[in-house]
Amino acid sequence: MALPNAVKRNAGDGPVLSVQGLTTSFRIGDDWRPVVKNVSFDIAPRETVAIVGESGSGKSVTSLSIMRLLPKYTSRIEGSIKLGGRELLTLGSEEMRKVRGNEISMIFQEPMTSLNPIFPIGKQIAEAITCHRQVSAAAARGEVIQLLEKVRIPNAKSRFDDYPHQFSGGMRQRVMIAMALASKPRLLIADEPTTALDVTIQGQILDLIKVLQEEEGMSVLFITHDMGVVAEVSDRTIVMFRGDAVETGPTDDIFHRGRHPYTRALLSAVPRLGSMAGHERPMRFPIVDVASGVMTTPEAEVDRAIETRRPPILEVKNLTTRFDIRSGLLGRKSGAVHAVEDVSFDLCEGETLSLVGESGCGKSTTGRSITRLVEPTAGSIALDGRDVIRLDRGALRNMRRTIQMVFQDPFASLDPRMKIGDAVMEPFIEHGLGTKARARAKAADILKRVGLDADMMRRYPHEFSGGQRQRIAIARTLMLDPRVIVADEAVSALDVSIKAQVCNLLLELQQSFNLAYLFISHDMAVVERVSHRVAVMYLGEIVEIGPRQAVFENPQHPYTKKLMAAVPIPDPSRRSVKRAISTDEIKSPIRPVGYEPPRRQYREVSAGHLVQV
Amino acid sequence: MTDATIAAPAVSPDVEKRGLWRQFRAHPGGVAGLAVFLFIVVAVYAGPLIHTVEPNKIDIRAKNQGPSLAHPFGTDNLGHDMLAQVLAGGQISLAVGITAMLLALFLGTLVGVLSGYLRRLDGILMRLTDLFLALPLLPLLLVIIMLFRDTLRAAFGPETGIFILIVFVIGITSWMHTARIVRGDVLAVKNQEFILAAKSSGMREHRVILKHILPNVMSSIMVSATLGIASAIITESALSFLGLGFPSDFPTWGRLLYDGANFLQLTPSRVLWPGLAISLTVLSVNFIGDAIRDALDPRTLKR
Amino acid sequence: MFTFTLRRLLFAIPTLLVISFIIFALLDLAPSDPLSDLPLTIPPEVRERIRAAMGADQPFFIRYLRWLHQFFVNEPLNIFEQMTGITVGSGERMRVLSWATRSPVVDLIVQRLPQTLWVVGLSYLFGVMLAIPIGVVSAYKQYSIFDQIGTFVSMVGYSVPTFFTGVLLIVIFSSYLQWFPSIYDTNLRITDWSSFVAQVKQMVLPVAVLTLYNTSQISRFVRASMLDNLHQDYVRTARAKGVKEKVVLLVHVLRNSLIPVVTVIALGVPTIFSGAIITEQIFRVNGLGQLLITAIQGADMPLVQTLTFIFAFLIVLFNLIADVLYGLLDPRIRYD
Amino acid sequence: ERGTDGELKIIFWQAISTMNPYLSGGTKEVYGASMVIEPLARYDESGNLVPMLAAEIPTVENGGVSADLKSITWKLKPDLKWSDGTPVTADDAIFTWKYCTAPDGGCAQAAYYEGVSNVEAVDASTIKISFSEPKPYPYSAFVGAQSPVIQAAQFKDCLGAKAPECTSANFGPIGTGPFVVKEFKPNDVVSFEANPNYRDAAKPAFATAIIKGGGDAASAARAVLETGEFDYAWNMQVEPEVLAQMMTAGKGKIEVAFGTQVERIDVNPFAVDASLGDKRSTKEAGPHPALSDPAVRKALSLAIDRDIINEAGYGDNGKPTCNILPAPDIYVSTNVDWCLKQDLDAANKLLDDAGWVKGSDGIREKNGVKLSFLYQTSTNSVRQATQALVKDMWAQIGVASELRNISANVFFGGDPASPDTFQKFYADVQMYTNNFDGTDPEKYMAGWMCDKIPSPASGWQGENIVRYCNPEYDALVKELGKTGKLEERAEIAKKLNDMLSNDVAQIPLIHRGQPSAVNATLEGVKMNAWDSELWNVADWSRKK
Ligand SMILES: Nc1ncnc2c1ncn2[C@@H]1O[C@H](COP(=O)(O)OP(=O)(O)OP(=O)(O)O)[C@@H](O)[C@H]1O
Ligand SMILES: Nc1ncnc2c1ncn2[C@@H]1O[C@H](COP(=O)(O)OP(=O)(O)OP(=O)(O)O)[C@@H](O)[C@H]1O
Ligand SMILES: [Mg+2]
Ligand SMILES: [Mg+2]
């Protein structure tokens, strides 16, 4: 397909990157299956180009093709990719190496598996510096610490030597960002760089990128599902749909005058913060048909109230989880990460409690502590009246049927050697809920409902896109018909249309089976839609909790206010509005040995709406 | 609302099995290995039907001969036909090599996985492994023989009894390496998030081990298996010098090689063939192992 | 980690005591006899007296306790005296004496150590040093010619026993070509260039035989483990950073692949000290391996017990080292 | 000329563990020590006594042996010196006797001093040995490589229980022989240098010598015959064709001495069925259902073609024999020759006549008893070849056999707990070699007496492994003990041998020689089966 000529570009400058007729295919059995078809676009200096599109439409593959990082023997790249006039596809491997990380660097979509598990993160970032520049180790270290601070990792100096598994999802993502920015590249490819970040940090990161763009003349290829971010950062936008770039144009045009039905569908489905004002209960997303762009199912408020008379299904009291920090040769305990500190809440059947908060504030750890995947330090957890902490192994196993978890990093949570069909069917068979054939039928059904094809069951995790893997993870939890689901960033990697579909599915299931969700998310718009109540966490503690309407419409705690204010608005005309770059000190949850946190007091603002004082 | 995919028929487990086989077949080394291995097996069991000379037939007048039509592999210093001996020896060596290797592999994997996965058992199982590693082999073998040979001989007859004994002896004296290696791998694998995810879905521990841990430590096990078959064949021959192997009129590859070593210059064919047979067996098993490994690893390049 | 190591070290003491007891019991149970290689012409009553003089007729527990005392008290004191020149007590105490030679076992071991380290130790070192690059390249260039040849040579090298390769090398290089001696001269002192050359010459064959074997084994594990990690996503990240391919392989992939390699190597190091029995026999290196095998064949209980115990000690030690290394190699492995 | 021929390199593939033959009776230790310490007299290559430290061999005729055969008096050569320069005196001999007979010393050669009631010094160079009983053959103490004289000064603190602690003395005994120990590495290598005080100023021709140990026989042979790295290799038990092939290199050849070794098959007269438990192979077990039949025994012997066995396993190093006493010549019986040639027809006929008929499987049986035997021996490639051949030959007369080989250190170990020792004989037939030291067969022949049968009561000790029991035989042995005249002794010995052979107490197969490999450049080697093979190492020299 031809590139539309209506691309505004600074005259004089040639494009930094020029992609012409890019077609990338994967080998499936003996055939080659194209997943990116004849895509062409240019990126000018200092320009930000966003790629948006359906999950699995080939965005990540496009970016990996540019970097030539796809597996050698099972993929094929055709077309032409020119960096500053130089053809990359025919470059020798040593020259290509010099391009990577130096001229083009990339932020990968899934930070957990993309970081080397056995090297300290500081070292991994430093490597990006030292392999292209001659700097001393000490200088590199200094630079890395600066970078870590820039991406707002608290206690950067002491976390230099920590390993990826000791970081939260968002912190890992920030490490990836720091790594990519370390060498000040000419072109930055950012594949969903902010999905795991809360809106405040997301804003800061976007600002950081903007600053670099202005100072260093960096161009950015930005892949994201967040139309708010697109509106805020991109000059031009490419819309991808099933392997094709269906539309390319200035962001403004795309947002207001999108021609392709998918573009229109995409934009009309974008949830906007504040659209729920006046509604008390969660609301279904409207479903827009991607082929025609016509809304097929209108949005609707769910019609069932929560039965609060029944005792809550999940009761968490004074939950505290700390991770010891050991240092020195002797491995003495030198402090602890107070990841979760004195957290109490309860969750009723049929209710959605959303957990929002800064990246690294302990949301995932809360979820994991409740399912006893990490051992809590103190506190009590009652699930359906039974004390979770004191369960023996058999009972724990049964308990896990009741409560299921969607992991934040779906790729890492899938066995790389197991076909996803087996992975999805596994819990069902494991708990003896039915025959293999029934499991297969059920798995196929659920996969279809989360927007995947049943014939994908034969493929392995690495053959999927990030969003597809996330849906597989959701499908797996649904196999058991649990009563509580801890959904840790379960829909963050999905494009709006699929996100709507999956959220509607979750709401529907909640209605029919009275499911309770602990919904951990950074996407405030989605949180607003789906939750009955919202808890805001900060540095391991709940600072504000209450009915959604109360918290969103009447935020009390300063952090909550900041959070609400930082949500980007999907409107390109507001681009020029600048955030004040926050210069406040980054707070750290790391405490010295023997630190006793003060007892917190809560103030009741309105019925059920508590705020820490 | 679905992704771009090529239409495919519904998957049945049968198809999946065939898929594994298809991947195996895509591996030329593996196919060649399997072919050679099958050839060796068939030759060793069907060969005596074609080459009908009795392996223990002594023809002292025809001793130390080079290859000829009557004796394609030549003869040894008592006039045994070497081809017949190699074929007969193959039956024993293959059977012992494979069963002993499987036993050692089973024990090693069991101990390795248990101690790697279950913290409680780790200390005791690894100290047991240390003990077995430290035990002097020869005295241990002598004691085992002394205690069990006659009982087994009485229970199963001389041949089967000795076979069981040998397999048992090799098995329980060679599982330790596998155990330590598997344990190391398990320690690394068990901390990965997908194990946590499997546990969080309420999988029983042994299922986690079988379905998630084992496939991910398979490549080391495969290497242990290939190396194990070679050492089992050689160890068997060493056993017979202690008087605990098969009686001396049961040829085995290892012993043919040992007996022939001194005749290297006189009748080179005497060592060439058993040596070749052992090497080919091990090589072919190695390639089969490689192919299985590759078939199990969805990410490696497939050729 | 430190407490783990300390705890394991403390735990090693009872472990080793148990192991030493089991070894002792095993040796006692074994049907071989210290007098088996005496000529049949020596009459039974004389044999009885010889046995009594060795102390072999004492009850099992007395002999075990005596060995414990000799090995753990007398021998260390003796070493202490020799090093400092201070005499502790009367200075006269029973050392662990070998039955066959009637000499202190520790002296025998000290005498054997040099040639064992030279031949077996060096070949292990070579084995490791060759195996890692071979394994890495084989995995990186899977199914290339290099990999295929490597696979072939290592499989043949592993499956053909040393008793055969040794004889083959002797026939070729000692008998026909006369390049290297077939017999190792343990009396050779390196004093000048020519004696150094002689030493190198006599080491070539046994070292070659053993190196082939060691390399074959270790390189297979390196290769397999590398293959497991070569296609992980973090390798892609490293490449995306523009890290040199060599660094990607040797730092990112290899370090992640080291756990099985460390295990195999740690399992192998103690065997250096137990010698390579067959190879030592063939080339008459007469190191610790030959000492052990003659001792076992001659049922020289004190010698076998002492050697085996030292071996057990090394096994426990190196397995501990391997465990500590796991923790250092992979931060996710924690023993607390 | 002493010390002009450089280094003598000897290889003993079974390594030497000590230089004191009194502490280890192993042949290799005795041989090694014979280069350093010497007895009063020893045997030459034809079995004659020759004086070493003694001036002459005492006899009844020359008055050295008392008429009542109760004492013998040796006179030392004049001016004998130890290698450290001190004189050799009668006291050294007396000390040697005390050393070997001290309680708790565990002297391996105590048998040589058996019956010695006293050793005294008549004067500084005259030694008188008294016996408690008359000794028709008095040349035992201080005769042969097994009982050399050691230096009293060096060993004076090493008596009895202290013996093992004298490590440096045991590893480097001071002697009178042609060499002195320079360095001793147990089980590895012994280094010697020429004894400066050796009584013959012109000897030895070599300045230094080593005895290297370790490895196996074939590679030791290769080191002498093929690569020429060594001068002399002892005990070359290697297949004859392999040796012949090595000799084609022209670097050396094999020399053989025939002593008294006979490879034999023991035939168990007692039942050995496993169900009998501990009674197996003893009188209580009752007679062997098949092997107690003399016809079966004889048929087994007749069916064996000893020529083939000799050709396959021994070549020039062995001779087929039907005698259990094959040497020295005066004792050798020529009466038994029925077994020398294989006679399958006669064997078959014997069995047919005795009622053993072939069953459908070709194996003979009678009254439900099959002629199917467990045939055990020690692990050794020549023995396994012999086993295979014998099995084949027996198969031709309808006798089946199951082969078993046992590690030599178990088989000969004599551990009462092990079922696999040759003394226990938990098998129908077994094969090994036995012999005797020196030239006098009296003690050896006494090994077939009824009271020497091993049994649980005697802790399985006893030389009569074949469990032969014949009162006539016992009486004849007693007579031998009283006979002094050599010719008469010879007659009795022959009779004893014939009894054993004709009763088929066991089946003698091969009279084995002792083969050694000698480098072509080495001169003066005289193979000796009656004493240490290195007995005349002082006379060895390098061919010019
Ligand atoms: N290694 C592979 N082998 C086969 N198919 C693959 C492979 N990697 C990706 N695919 C397929 O290619 C298509 C495009 O994947 P890609 O990762 O580019 O999607 P994406 O646009 O980034 O989606 P998301 O927003 O969900 O991350 C998907 O359908 C995916 O299943
Ligand atoms: N295994 C661990 N060891 C040490 N520290 C840990 C470990 N796991 C988490 N932490 C720390 O605990 C804190 C909370 O982590 P958690 O994963 O709960 O954050 P989160 O709220 O989920 O953040 P995100 O939104 O970025 O995923 C972080 O500071 C993290 O570094
Ligand atoms: Mg993607
Ligand atoms: Mg998280």
# chains A, B, ... in the order shown; residues from 1 in each chain; ligands from 1
>>> closest_atom_pairs(of="chain A", to="ligand 2", cutoff="7 Å", atoms="only C-alpha atoms and all ligand atoms", output="CSV")
residue,atom,partner,partner_atom_place_in_ligand_line,distance
A:His165,CA,ligand 2,1 (N),5.8
A:Gln166,CA,ligand 2,2 (C),3.8
A:Phe167,CA,ligand 2,31 (O),3.7
A:Ser168,CA,ligand 2,17 (O),3.4
A:Gly169,CA,ligand 2,27 (O),3.8
A:Gly170,CA,ligand 2,26 (O),3.0
A:Met171,CA,ligand 2,26 (O),5.2
A:Ala196,CA,ligand 2,25 (O),5.7
A:Leu197,CA,ligand 2,25 (O),5.9
A:Asp198,CA,ligand 2,25 (O),6.7
A:Phe323,CA,ligand 2,4 (C),4.9
A:Asp324,CA,ligand 2,4 (C),6.8
A:Ile325,CA,ligand 2,4 (C),7.0
A:Val337,CA,ligand 2,5 (N),5.8
A:His338,CA,ligand 2,12 (O),6.9
A:Ala339,CA,ligand 2,12 (O),4.3
A:Gly357,CA,ligand 2,21 (O),6.9
A:Glu358,CA,ligand 2,25 (O),6.3
A:Ser359,CA,ligand 2,26 (O),3.5
A:Gly360,CA,ligand 2,23 (O),3.3
A:Cys361,CA,ligand 2,21 (O),4.0
A:Gly362,CA,ligand 2,18 (O),3.1
A:Lys363,CA,ligand 2,21 (O),3.6
A:Ser364,CA,ligand 2,22 (O),3.6
A:Thr365,CA,ligand 2,18 (O),3.6
A:Thr366,CA,ligand 2,18 (O),6.3
A:Pro589,CA,ligand 2,29 (O),6.2
>>> write_last_selection(atoms="N, CA, C and O atoms", output="mmCIF file, in the first residue's frame")
data_model
loop_
_atom_site.group_PDB
_atom_site.id
_atom_site.type_symbol
_atom_site.label_atom_id
_atom_site.label_comp_id
_atom_site.auth_asym_id
_atom_site.auth_seq_id
_atom_site.Cartn_x
_atom_site.Cartn_y
_atom_site.Cartn_z
ATOM 1 N N HIS A 165 14.245 -9.609 39.767
ATOM 2 C CA HIS A 165 13.100 -10.192 40.459
ATOM 3 C C HIS A 165 12.760 -9.446 41.749
ATOM 4 O O HIS A 165 11.725 -9.693 42.346
ATOM 5 N N GLN A 166 13.645 -8.552 42.158
ATOM 6 C CA GLN A 166 13.355 -7.792 43.368
ATOM 7 C C GLN A 166 12.616 -6.490 43.061
ATOM 8 O O GLN A 166 12.368 -5.691 43.940
ATOM 9 N N PHE A 167 12.306 -6.291 41.789
ATOM 10 C CA PHE A 167 11.660 -5.052 41.391
ATOM 11 C C PHE A 167 10.198 -5.293 41.062
ATOM 12 O O PHE A 167 9.804 -6.379 40.680
ATOM 13 N N SER A 168 9.418 -4.259 41.196
ATOM 14 C CA SER A 168 8.019 -4.386 40.794
ATOM 15 C C SER A 168 7.946 -4.256 39.279
ATOM 16 O O SER A 168 8.899 -3.834 38.624
ATOM 17 N N GLY A 169 6.780 -4.650 38.737
ATOM 18 C CA GLY A 169 6.614 -4.626 37.283
ATOM 19 C C GLY A 169 6.941 -3.273 36.689
ATOM 20 O O GLY A 169 7.692 -3.165 35.713
ATOM 21 N N GLY A 170 6.426 -2.248 37.286
ATOM 22 C CA GLY A 170 6.659 -0.921 36.740
ATOM 23 C C GLY A 170 8.106 -0.496 36.874
ATOM 24 O O GLY A 170 8.650 0.192 36.004
ATOM 25 N N MET A 171 8.722 -0.900 37.971
ATOM 26 C CA MET A 171 10.134 -0.534 38.146
ATOM 27 C C MET A 171 10.999 -1.208 37.098
ATOM 28 O O MET A 171 11.941 -0.605 36.571
ATOM 29 N N ALA A 196 2.910 -0.379 32.533
ATOM 30 C CA ALA A 196 2.946 -0.817 33.918
ATOM 31 C C ALA A 196 3.173 0.345 34.875
ATOM 32 O O ALA A 196 3.466 0.142 36.038
ATOM 33 N N LEU A 197 3.035 1.568 34.350
ATOM 34 C CA LEU A 197 3.327 2.712 35.208
ATOM 35 C C LEU A 197 2.043 3.442 35.582
ATOM 36 O O LEU A 197 1.115 3.546 34.781
ATOM 37 N N ASP A 198 2.045 3.942 36.788
ATOM 38 C CA ASP A 198 0.898 4.756 37.169
ATOM 39 C C ASP A 198 0.983 6.079 36.444
ATOM 40 O O ASP A 198 2.039 6.467 35.934
ATOM 41 N N PHE A 323 10.291 -7.455 52.599
ATOM 42 C CA PHE A 323 11.383 -8.255 52.035
ATOM 43 C C PHE A 323 12.684 -7.800 52.673
ATOM 44 O O PHE A 323 13.010 -6.618 52.638
ATOM 45 N N ASP A 324 13.386 -8.766 53.241
ATOM 46 C CA ASP A 324 14.652 -8.406 53.877
ATOM 47 C C ASP A 324 15.685 -7.999 52.838
ATOM 48 O O ASP A 324 15.751 -8.578 51.756
ATOM 49 N N ILE A 325 16.480 -7.032 53.200
ATOM 50 C CA ILE A 325 17.613 -6.681 52.340
ATOM 51 C C ILE A 325 18.862 -7.147 53.056
ATOM 52 O O ILE A 325 19.088 -6.802 54.216
ATOM 53 N N VAL A 337 12.452 -3.962 52.646
ATOM 54 C CA VAL A 337 11.510 -3.248 51.818
ATOM 55 C C VAL A 337 10.145 -3.451 52.456
ATOM 56 O O VAL A 337 9.676 -4.573 52.573
ATOM 57 N N HIS A 338 9.552 -2.379 52.898
ATOM 58 C CA HIS A 338 8.208 -2.507 53.477
ATOM 59 C C HIS A 338 7.220 -2.420 52.333
ATOM 60 O O HIS A 338 6.653 -1.370 52.047
ATOM 61 N N ALA A 339 7.054 -3.535 51.634
ATOM 62 C CA ALA A 339 6.267 -3.520 50.407
ATOM 63 C C ALA A 339 4.791 -3.341 50.704
ATOM 64 O O ALA A 339 4.097 -2.598 50.009
ATOM 65 N N GLY A 357 -2.404 2.992 42.502
ATOM 66 C CA GLY A 357 -1.329 3.605 43.264
ATOM 67 C C GLY A 357 -0.059 3.659 42.451
ATOM 68 O O GLY A 357 0.027 3.113 41.351
ATOM 69 N N GLU A 358 0.897 4.309 43.037
ATOM 70 C CA GLU A 358 2.165 4.514 42.362
ATOM 71 C C GLU A 358 2.823 3.166 42.039
ATOM 72 O O GLU A 358 2.652 2.199 42.768
ATOM 73 N N SER A 359 3.586 3.163 40.962
ATOM 74 C CA SER A 359 4.325 1.938 40.629
ATOM 75 C C SER A 359 5.315 1.628 41.751
ATOM 76 O O SER A 359 6.044 2.499 42.198
ATOM 77 N N GLY A 360 5.302 0.381 42.169
ATOM 78 C CA GLY A 360 6.221 -0.022 43.232
ATOM 79 C C GLY A 360 5.682 0.208 44.618
ATOM 80 O O GLY A 360 6.414 0.082 45.594
ATOM 81 N N CYS A 361 4.385 0.508 44.727
ATOM 82 C CA CYS A 361 3.869 0.804 46.050
ATOM 83 C C CYS A 361 3.358 -0.436 46.757
ATOM 84 O O CYS A 361 2.898 -0.360 47.887
ATOM 85 N N GLY A 362 3.393 -1.585 46.112
ATOM 86 C CA GLY A 362 3.048 -2.809 46.821
ATOM 87 C C GLY A 362 1.737 -3.442 46.416
ATOM 88 O O GLY A 362 1.219 -4.298 47.119
ATOM 89 N N LYS A 363 1.231 -3.084 45.261
ATOM 90 C CA LYS A 363 -0.056 -3.645 44.844
ATOM 91 C C LYS A 363 0.082 -5.135 44.527
ATOM 92 O O LYS A 363 -0.682 -5.961 45.043
ATOM 93 N N SER A 364 1.081 -5.441 43.690
ATOM 94 C CA SER A 364 1.256 -6.852 43.334
ATOM 95 C C SER A 364 1.571 -7.668 44.575
ATOM 96 O O SER A 364 1.093 -8.792 44.736
ATOM 97 N N THR A 365 2.392 -7.118 45.433
ATOM 98 C CA THR A 365 2.748 -7.860 46.639
ATOM 99 C C THR A 365 1.503 -8.121 47.487
ATOM 100 O O THR A 365 1.364 -9.201 48.060
ATOM 101 N N THR A 366 0.591 -7.130 47.542
ATOM 102 C CA THR A 366 -0.657 -7.372 48.261
ATOM 103 C C THR A 366 -1.385 -8.565 47.648
ATOM 104 O O THR A 366 -1.798 -9.488 48.352
ATOM 105 N N PRO A 589 10.335 2.841 49.953
ATOM 106 C CA PRO A 589 9.771 1.959 50.986
ATOM 107 C C PRO A 589 10.850 1.207 51.753
ATOM 108 O O PRO A 589 10.534 0.315 52.533
#
>>> residues_near_ligand(ligand="ligand 3", cutoff="6 Å", atoms="only C-alpha atoms and all ligand atoms", output="PyMOL selection string")
chain A and resi 59-60+465-466
>>> closest_residue(among="A:Lys82, A:Lys448, A:Arg257, A:Arg390", to="A:Gln468", atoms="only C-alpha atoms")
A:Lys448
>>> closest_atom_pairs(of="chain A", to="ligand 1", cutoff="9 Å", atoms="only C-alpha atoms and all ligand atoms", output="tab-separated table")
residue	atom	partner	partner_atom_place_in_ligand_line	distance
A:Ser25	CA	ligand 1	5 (N)	8.1
A:Phe26	CA	ligand 1	4 (C)	5.2
A:Arg27	CA	ligand 1	4 (C)	6.8
A:Ile28	CA	ligand 1	4 (C)	6.7
A:Arg33	CA	ligand 1	5 (N)	8.0
A:Pro34	CA	ligand 1	12 (O)	8.1
A:Val35	CA	ligand 1	12 (O)	5.0
A:Val36	CA	ligand 1	14 (C)	7.2
A:Ile51	CA	ligand 1	21 (O)	9.0
A:Val52	CA	ligand 1	21 (O)	8.1
A:Gly53	CA	ligand 1	21 (O)	6.7
A:Glu54	CA	ligand 1	25 (O)	6.3
A:Ser55	CA	ligand 1	26 (O)	3.6
A:Gly56	CA	ligand 1	19 (O)	3.3
A:Ser57	CA	ligand 1	21 (O)	4.0
A:Gly58	CA	ligand 1	18 (O)	3.0
A:Lys59	CA	ligand 1	21 (O)	3.6
A:Ser60	CA	ligand 1	22 (O)	3.6
A:Val61	CA	ligand 1	18 (O)	3.7
A:Thr62	CA	ligand 1	18 (O)	6.3
A:Ser63	CA	ligand 1	18 (O)	7.9
A:Leu64	CA	ligand 1	18 (O)	8.3
A:Leu70	CA	ligand 1	1 (N)	7.6
A:Pro71	CA	ligand 1	1 (N)	7.3
A:Thr74	CA	ligand 1	3 (N)	7.3
A:Ser75	CA	ligand 1	1 (N)	7.5
A:Gln109	CA	ligand 1	27 (O)	7.1
A:Asp191	CA	ligand 1	22 (O)	7.8
A:Glu192	CA	ligand 1	27 (O)	8.0
A:Ile223	CA	ligand 1	22 (O)	8.1
A:Thr224	CA	ligand 1	25 (O)	7.5
A:His225	CA	ligand 1	25 (O)	7.2
A:Met240	CA	ligand 1	21 (O)	7.8
A:Phe241	CA	ligand 1	21 (O)	8.4
A:Arg242	CA	ligand 1	29 (O)	7.9
A:Gly243	CA	ligand 1	14 (C)	7.1
A:Met456	CA	ligand 1	31 (O)	8.4
A:Arg459	CA	ligand 1	4 (C)	8.1
A:Tyr460	CA	ligand 1	3 (N)	8.5
A:Pro461	CA	ligand 1	1 (N)	8.8
A:His462	CA	ligand 1	1 (N)	5.7
A:Glu463	CA	ligand 1	2 (C)	3.6
A:Phe464	CA	ligand 1	31 (O)	3.7
A:Ser465	CA	ligand 1	17 (O)	3.4
A:Gly466	CA	ligand 1	27 (O)	3.8
A:Gly467	CA	ligand 1	26 (O)	3.1
A:Gln468	CA	ligand 1	26 (O)	5.2
A:Arg469	CA	ligand 1	26 (O)	7.5
A:Gln470	CA	ligand 1	26 (O)	8.0
A:Ala493	CA	ligand 1	25 (O)	6.1
A:Leu494	CA	ligand 1	25 (O)	6.0
A:Asp495	CA	ligand 1	25 (O)	6.5
>>> interface_residues(of="chain C", to="chain D", cutoff="7 Å", atoms="only C-alpha atoms", output="PyMOL selection string")
chain C and resi 31-33+35-41+44+46+49-50+52-53+100-103+174-175+281-282+284+286+297-298
>>> residues_around(residues="B:Val53", least_positions_apart="3", cutoff="12 Å", atoms="only C-alpha atoms", output="PyMOL selection string")
chain B and resi 47-50+56-59+70-72+75+79-88
>>> interface_residues(of="chain A", to="chain B", cutoff="6 Å", atoms="only C-alpha atoms", output="number ranges by chain")
A: 242, 397, 400, 412-415, 427, 451-452, 455
>>> residues_around(residues="stretch 275-281 of chain B", least_positions_apart="4", cutoff="6 Å", atoms="only C-alpha atoms", output="PDB file with all heavy atoms, in the first residue's frame")
ATOM      1  N   VAL B 271      39.267 -55.412  17.737  1.00  0.00           N
ATOM      2  CA  VAL B 271      38.874 -54.257  18.554  1.00  0.00           C
ATOM      3  C   VAL B 271      38.069 -53.250  17.766  1.00  0.00           C
ATOM      4  O   VAL B 271      37.266 -52.517  18.318  1.00  0.00           O
ATOM      5  CB  VAL B 271      40.102 -53.550  19.160  1.00  0.00           C
ATOM      6  CG1 VAL B 271      40.577 -54.301  20.359  1.00  0.00           C
ATOM      7  CG2 VAL B 271      41.196 -53.382  18.147  1.00  0.00           C
TER       8      VAL B 271
ATOM      9  N   VAL C 156      32.643 -40.197  20.544  1.00  0.00           N
ATOM     10  CA  VAL C 156      33.586 -41.296  20.409  1.00  0.00           C
ATOM     11  C   VAL C 156      34.572 -41.266  21.574  1.00  0.00           C
ATOM     12  O   VAL C 156      34.876 -42.280  22.185  1.00  0.00           O
ATOM     13  CB  VAL C 156      34.311 -41.222  19.051  1.00  0.00           C
ATOM     14  CG1 VAL C 156      35.410 -42.259  18.972  1.00  0.00           C
ATOM     15  CG2 VAL C 156      33.314 -41.429  17.929  1.00  0.00           C
ATOM     16  N   SER C 159      32.826 -42.637  24.548  1.00  0.00           N
ATOM     17  CA  SER C 159      32.334 -44.015  24.554  1.00  0.00           C
ATOM     18  C   SER C 159      33.460 -45.027  24.413  1.00  0.00           C
ATOM     19  O   SER C 159      33.278 -46.187  24.770  1.00  0.00           O
ATOM     20  CB  SER C 159      31.305 -44.208  23.446  1.00  0.00           C
ATOM     21  OG  SER C 159      31.886 -43.946  22.201  1.00  0.00           O
TER      22      SER C 159
END
>>> interface_residues(of="chain C", to="chain A", cutoff="12 Å", atoms="only C-alpha atoms", output="number ranges by chain")
C: 1-6, 142, 228-248, 251-259, 326-336
>>> interface_residues(of="chain D", to="chain B", cutoff="7 Å", atoms="only C-alpha atoms", output="VMD selection string")
chain D and resid 218 242 245 312 379 384 388 403 to 407 418
